[in-house]
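Q: Next up, final_6.txt (compact mmCIF, C-alpha atoms).
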```txt
# COMPACT_ATOMS: atom_id res chain seq x y z
CA MET A 1 5.16 15.70 1.78
CA SER A 2 3.96 18.17 -0.78
CA LEU A 3 4.81 21.78 -1.19
CA SER A 4 2.88 24.52 0.62
CA LEU A 5 2.78 27.98 -0.90
CA LYS A 6 1.36 31.11 0.73
CA THR A 7 1.59 34.85 0.23
CA GLU A 8 2.43 37.59 2.68
CA GLY A 9 1.94 41.31 2.15
CA ASP A 10 2.13 42.51 -1.47
CA GLN A 11 5.50 41.14 -2.50
CA HIS A 12 6.25 37.86 -0.71
CA ILE A 13 5.79 34.20 -1.55
CA ILE A 14 6.63 31.67 1.16
CA VAL A 15 7.22 28.08 0.09
CA THR A 16 7.57 25.29 2.65
CA ARG A 17 8.25 21.60 2.13
CA HIS A 18 9.31 18.73 4.34
CA PHE A 19 12.03 16.34 3.14
CA ALA A 20 12.93 12.95 4.60
CA ALA A 21 16.65 13.79 4.38
CA THR A 22 18.87 15.64 6.86
CA PRO A 23 19.34 19.44 6.62
CA GLU A 24 22.92 18.81 5.48
CA MET A 25 21.79 16.70 2.54
CA VAL A 26 18.96 19.04 1.48
CA TRP A 27 21.29 22.05 1.74
CA ARG A 28 23.96 20.25 -0.33
CA ALA A 29 21.32 19.41 -2.95
CA HIS A 30 20.67 23.16 -3.27
CA MET A 31 24.37 24.10 -3.51
CA GLU A 32 26.31 21.37 -5.36
CA PRO A 33 25.97 21.57 -9.16
CA GLU A 34 26.23 17.80 -9.69
CA LEU A 35 23.26 17.30 -7.34
CA ILE A 36 21.25 20.31 -8.59
CA GLN A 37 21.37 18.95 -12.16
CA ARG A 38 19.75 15.72 -10.98
CA TRP A 39 16.63 17.21 -9.40
CA LEU A 40 15.97 20.87 -10.35
CA LEU A 41 14.36 20.06 -13.69
CA GLY A 42 10.66 20.90 -13.34
CA PRO A 43 8.25 18.90 -15.52
CA GLU A 44 9.39 15.76 -17.35
CA GLY A 45 11.47 16.29 -20.49
CA TRP A 46 13.64 19.14 -19.23
CA THR A 47 17.39 18.93 -18.64
CA MET A 48 19.92 21.32 -17.11
CA PRO A 49 23.01 21.25 -19.37
CA VAL A 50 24.61 24.25 -17.59
CA CYS A 51 24.71 24.50 -13.81
CA ILE A 52 27.03 26.98 -12.13
CA ASN A 53 26.72 27.54 -8.39
CA GLU A 54 29.71 29.19 -6.73
CA ALA A 55 28.60 28.30 -3.20
CA ARG A 56 30.00 31.31 -1.35
CA PRO A 57 28.99 34.91 -0.63
CA GLY A 58 29.48 36.86 -3.86
CA GLY A 59 29.39 33.63 -5.88
CA ARG A 60 27.66 33.47 -9.24
CA VAL A 61 24.65 31.28 -10.05
CA ARG A 62 23.60 30.29 -13.58
CA TYR A 63 21.20 27.47 -14.40
CA GLU A 64 20.21 26.74 -18.01
CA TRP A 65 17.29 24.46 -18.89
CA ALA A 66 16.74 22.76 -22.25
CA HIS A 67 13.83 20.81 -23.75
CA PRO A 68 13.69 18.94 -27.06
CA THR A 69 10.55 20.77 -28.28
CA ARG A 70 10.31 23.98 -26.22
CA PRO A 71 12.45 27.11 -25.99
CA GLY A 72 15.07 26.96 -23.25
CA PHE A 73 15.51 29.51 -20.50
CA HIS A 74 17.96 30.33 -17.74
CA ILE A 75 18.41 31.95 -14.34
CA GLU A 76 21.30 34.18 -13.36
CA GLY A 77 22.00 35.33 -9.85
CA LYS A 78 24.39 36.00 -7.03
CA ILE A 79 24.75 34.40 -3.63
CA LEU A 80 24.66 36.93 -0.81
CA GLU A 81 24.94 34.72 2.29
CA VAL A 82 25.73 31.08 3.03
CA GLU A 83 25.36 29.40 6.38
CA PRO A 84 26.24 25.75 5.72
CA TYR A 85 23.39 23.31 6.27
CA HIS A 86 21.05 26.06 7.53
CA ARG A 87 20.58 29.07 5.24
CA ILE A 88 21.17 30.41 1.72
CA VAL A 89 20.39 33.98 0.60
CA HIS A 90 20.58 34.88 -3.07
CA VAL A 91 19.13 37.12 -5.76
CA GLU A 92 18.06 35.81 -9.17
CA ARG A 93 16.50 36.77 -12.48
CA MET A 94 14.93 34.43 -14.99
CA PHE A 95 15.55 35.00 -18.70
CA LEU A 96 12.53 33.81 -20.72
CA PRO A 97 14.31 35.19 -22.96
CA ASP A 98 13.71 38.69 -21.52
CA PRO A 99 14.82 39.14 -17.91
CA THR A 100 12.26 39.12 -15.15
CA PRO A 101 12.56 41.52 -12.24
CA GLU A 102 15.00 40.53 -9.51
CA ASN A 103 13.77 38.02 -6.91
CA HIS A 104 15.42 38.06 -3.45
CA VAL A 105 15.33 34.54 -1.96
CA VAL A 106 16.06 33.37 1.59
CA THR A 107 16.03 29.58 1.98
CA GLU A 108 16.33 27.95 5.40
CA PHE A 109 16.73 24.28 6.33
CA THR A 110 15.50 23.31 9.81
CA PRO A 111 15.70 19.87 11.45
CA ASP A 112 12.14 18.56 11.70
CA GLY A 113 11.46 15.15 13.19
CA HIS A 114 13.23 12.64 10.98
CA GLY A 115 13.97 15.10 8.20
CA THR A 116 14.13 18.74 7.19
CA LEU A 117 11.65 21.57 6.89
CA MET A 118 12.70 23.86 4.06
CA THR A 119 11.28 27.39 4.12
CA MET A 120 11.89 29.62 1.11
CA ARG A 121 10.88 33.27 1.32
CA MET A 122 10.83 35.12 -2.00
CA THR A 123 10.64 38.90 -2.08
CA LEU A 124 9.49 40.22 -5.43
CA PRO A 125 9.75 43.87 -6.52
CA ASP A 126 5.99 44.54 -6.79
CA PRO A 127 2.53 42.93 -6.52
CA GLU A 128 2.20 42.47 -10.30
CA THR A 129 5.42 40.46 -10.55
CA ARG A 130 4.19 38.26 -7.71
CA ARG A 131 0.80 37.80 -9.39
CA GLN A 132 2.48 36.74 -12.64
CA MET A 133 4.76 34.32 -10.82
CA LEU A 134 1.85 32.70 -8.99
CA ALA A 135 -0.19 32.50 -12.22
CA SER A 136 2.68 30.70 -14.00
CA GLY A 137 1.98 27.41 -12.20
CA MET A 138 5.34 27.61 -10.42
CA ASP A 139 4.06 25.42 -7.59
CA LYS A 140 3.56 22.41 -9.89
CA GLY A 141 7.04 22.65 -11.40
CA MET A 142 8.60 23.18 -7.98
CA GLU A 143 6.82 20.18 -6.47
CA THR A 144 7.90 17.95 -9.38
CA SER A 145 11.50 19.00 -8.76
CA TYR A 146 11.21 18.65 -4.98
CA ALA A 147 9.81 15.12 -5.33
CA ARG A 148 12.99 14.29 -7.29
CA LEU A 149 15.12 15.89 -4.57
CA ASP A 150 13.29 13.86 -1.92
CA ALA A 151 13.98 10.63 -3.81
CA LEU A 152 17.62 11.61 -4.37
CA ALA A 153 18.32 12.76 -0.82
CA ALA A 154 16.21 10.42 1.30
CA PRO A 155 18.15 8.02 3.49
CA ALA A 156 18.36 4.47 2.21
CA PRO A 157 16.23 2.00 4.18
CA LEU A 158 18.10 -0.11 6.67
CA ALA A 159 18.75 -3.69 5.63
CA SER A 160 16.99 -6.29 7.77
```
Rewrite the structure of this file - the entire thing - as structure tokens.
A:
Amino acid sequence: MSLSLKTEGDQHIIVTRHFAATPEMVWRAHMEPELIQRWLLGPEGWTMPVCINEARPGGRVRYEWAHPTRPGFHIEGKILEVEPYHRIVHVERMFLPDPTPENHVVTEFTPDGHGTLMTMRMTLPDPETRRQMLASGMDKGMETSYARLDALAAPAPLAS
């Protein structure tokens, strides 16, 4: 159940991943701060001491990551659309510490067999920004986080 990443045109990155959990649970894991802080951590050693997600159109997003030996960073953004359990549209900028260009993100959660297919479509401002993002190794950090989400959100096995 690993992440698939592809490009489209000059400015798009499309990420897909299957999760064993229901669309409701995967959507909640993307919207509820107490769940986000448990899985959206990237490589081992990182924590998210600040997690703000005002899960409504016009709501603010701010995630701050910390590491004991590396400089921290954060994301700021705004939620544009919310369709519970199906779709989230937001814009975001990373601060590393300087801000990156704005990234427009549409994330959809579709029932798929016994779980959920998540499709995330990122629209970046230009080909160079996309190239830099792809060169950063983002897929490895995302998959590490998504594996945590899968473990957190997967249904518990039935007792025999």
Q: Residues within 6 Å of stretch 111-126 of chain A, please, as a list in words. Count all atoms listed in the file; anything in the same chain fewer than 5 positions from it doesn't count.
A: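 Near neighbours after the sequence-gap exclusion: Gln11, His12, Ile13, Ile14, Val15, Thr16, Arg17, His18, Phe19, Ala20, Ala21, Thr22, Pro23, Asn103, His104, Val105 and Val106 of chain A.
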Q: Atom CA of A:Ser145 and atom CA of A:Asp10, how far apart in Å?
A: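 These two atoms are separated by 26.3 Å.
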Q: So which residues touch A:Gly58 within 9 Å, counting all atoms listed in the file, skipping near sequence neighbours fewer than 6 positions away, as a list in words?
A: Lys78, Ile79, Leu80 and Glu81 of chain A
Q: Would you compute the distance between atom CA of A:Pro57 and atom CA of A:Met25? Give it in Å to one decimal.
A: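 Rounded to one decimal, the two atoms are 19.8 Å apart.
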Q: Can you work out the spacing between atom CA of A:Gln132 and atom CA of A:Ala55 in Å, to one decimal?
A: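 Computed distance, atom CA of A:Gln132 to atom CA of A:Ala55, equals 29.0 Å.
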Q: So that I can check the surroundings of A:Pro71, please list as a list in words every protein, DNA and RNA residue that reaches within 12 Å of it, counting only C-alpha atoms and ignoring chain neighbours fewer than 2 positions away.
A: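 Once the adjacent positions are removed, what remains is Trp46, Glu64, Trp65, Ala66, His67, Pro68, Thr69, Phe73, His74, Phe95, Leu96 and Pro97 of chain A.
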Q: With all atoms listed in the file as the atoms that count, which of A:Ala154, A:Ile52, A:Ala135, A:Ala147 lies nearest to A:Trp39?
A: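 Going through A:Ala154, A:Ile52, A:Ala135, A:Ala147 one by one, the smallest distance to A:Trp39 is for A:Ala147.
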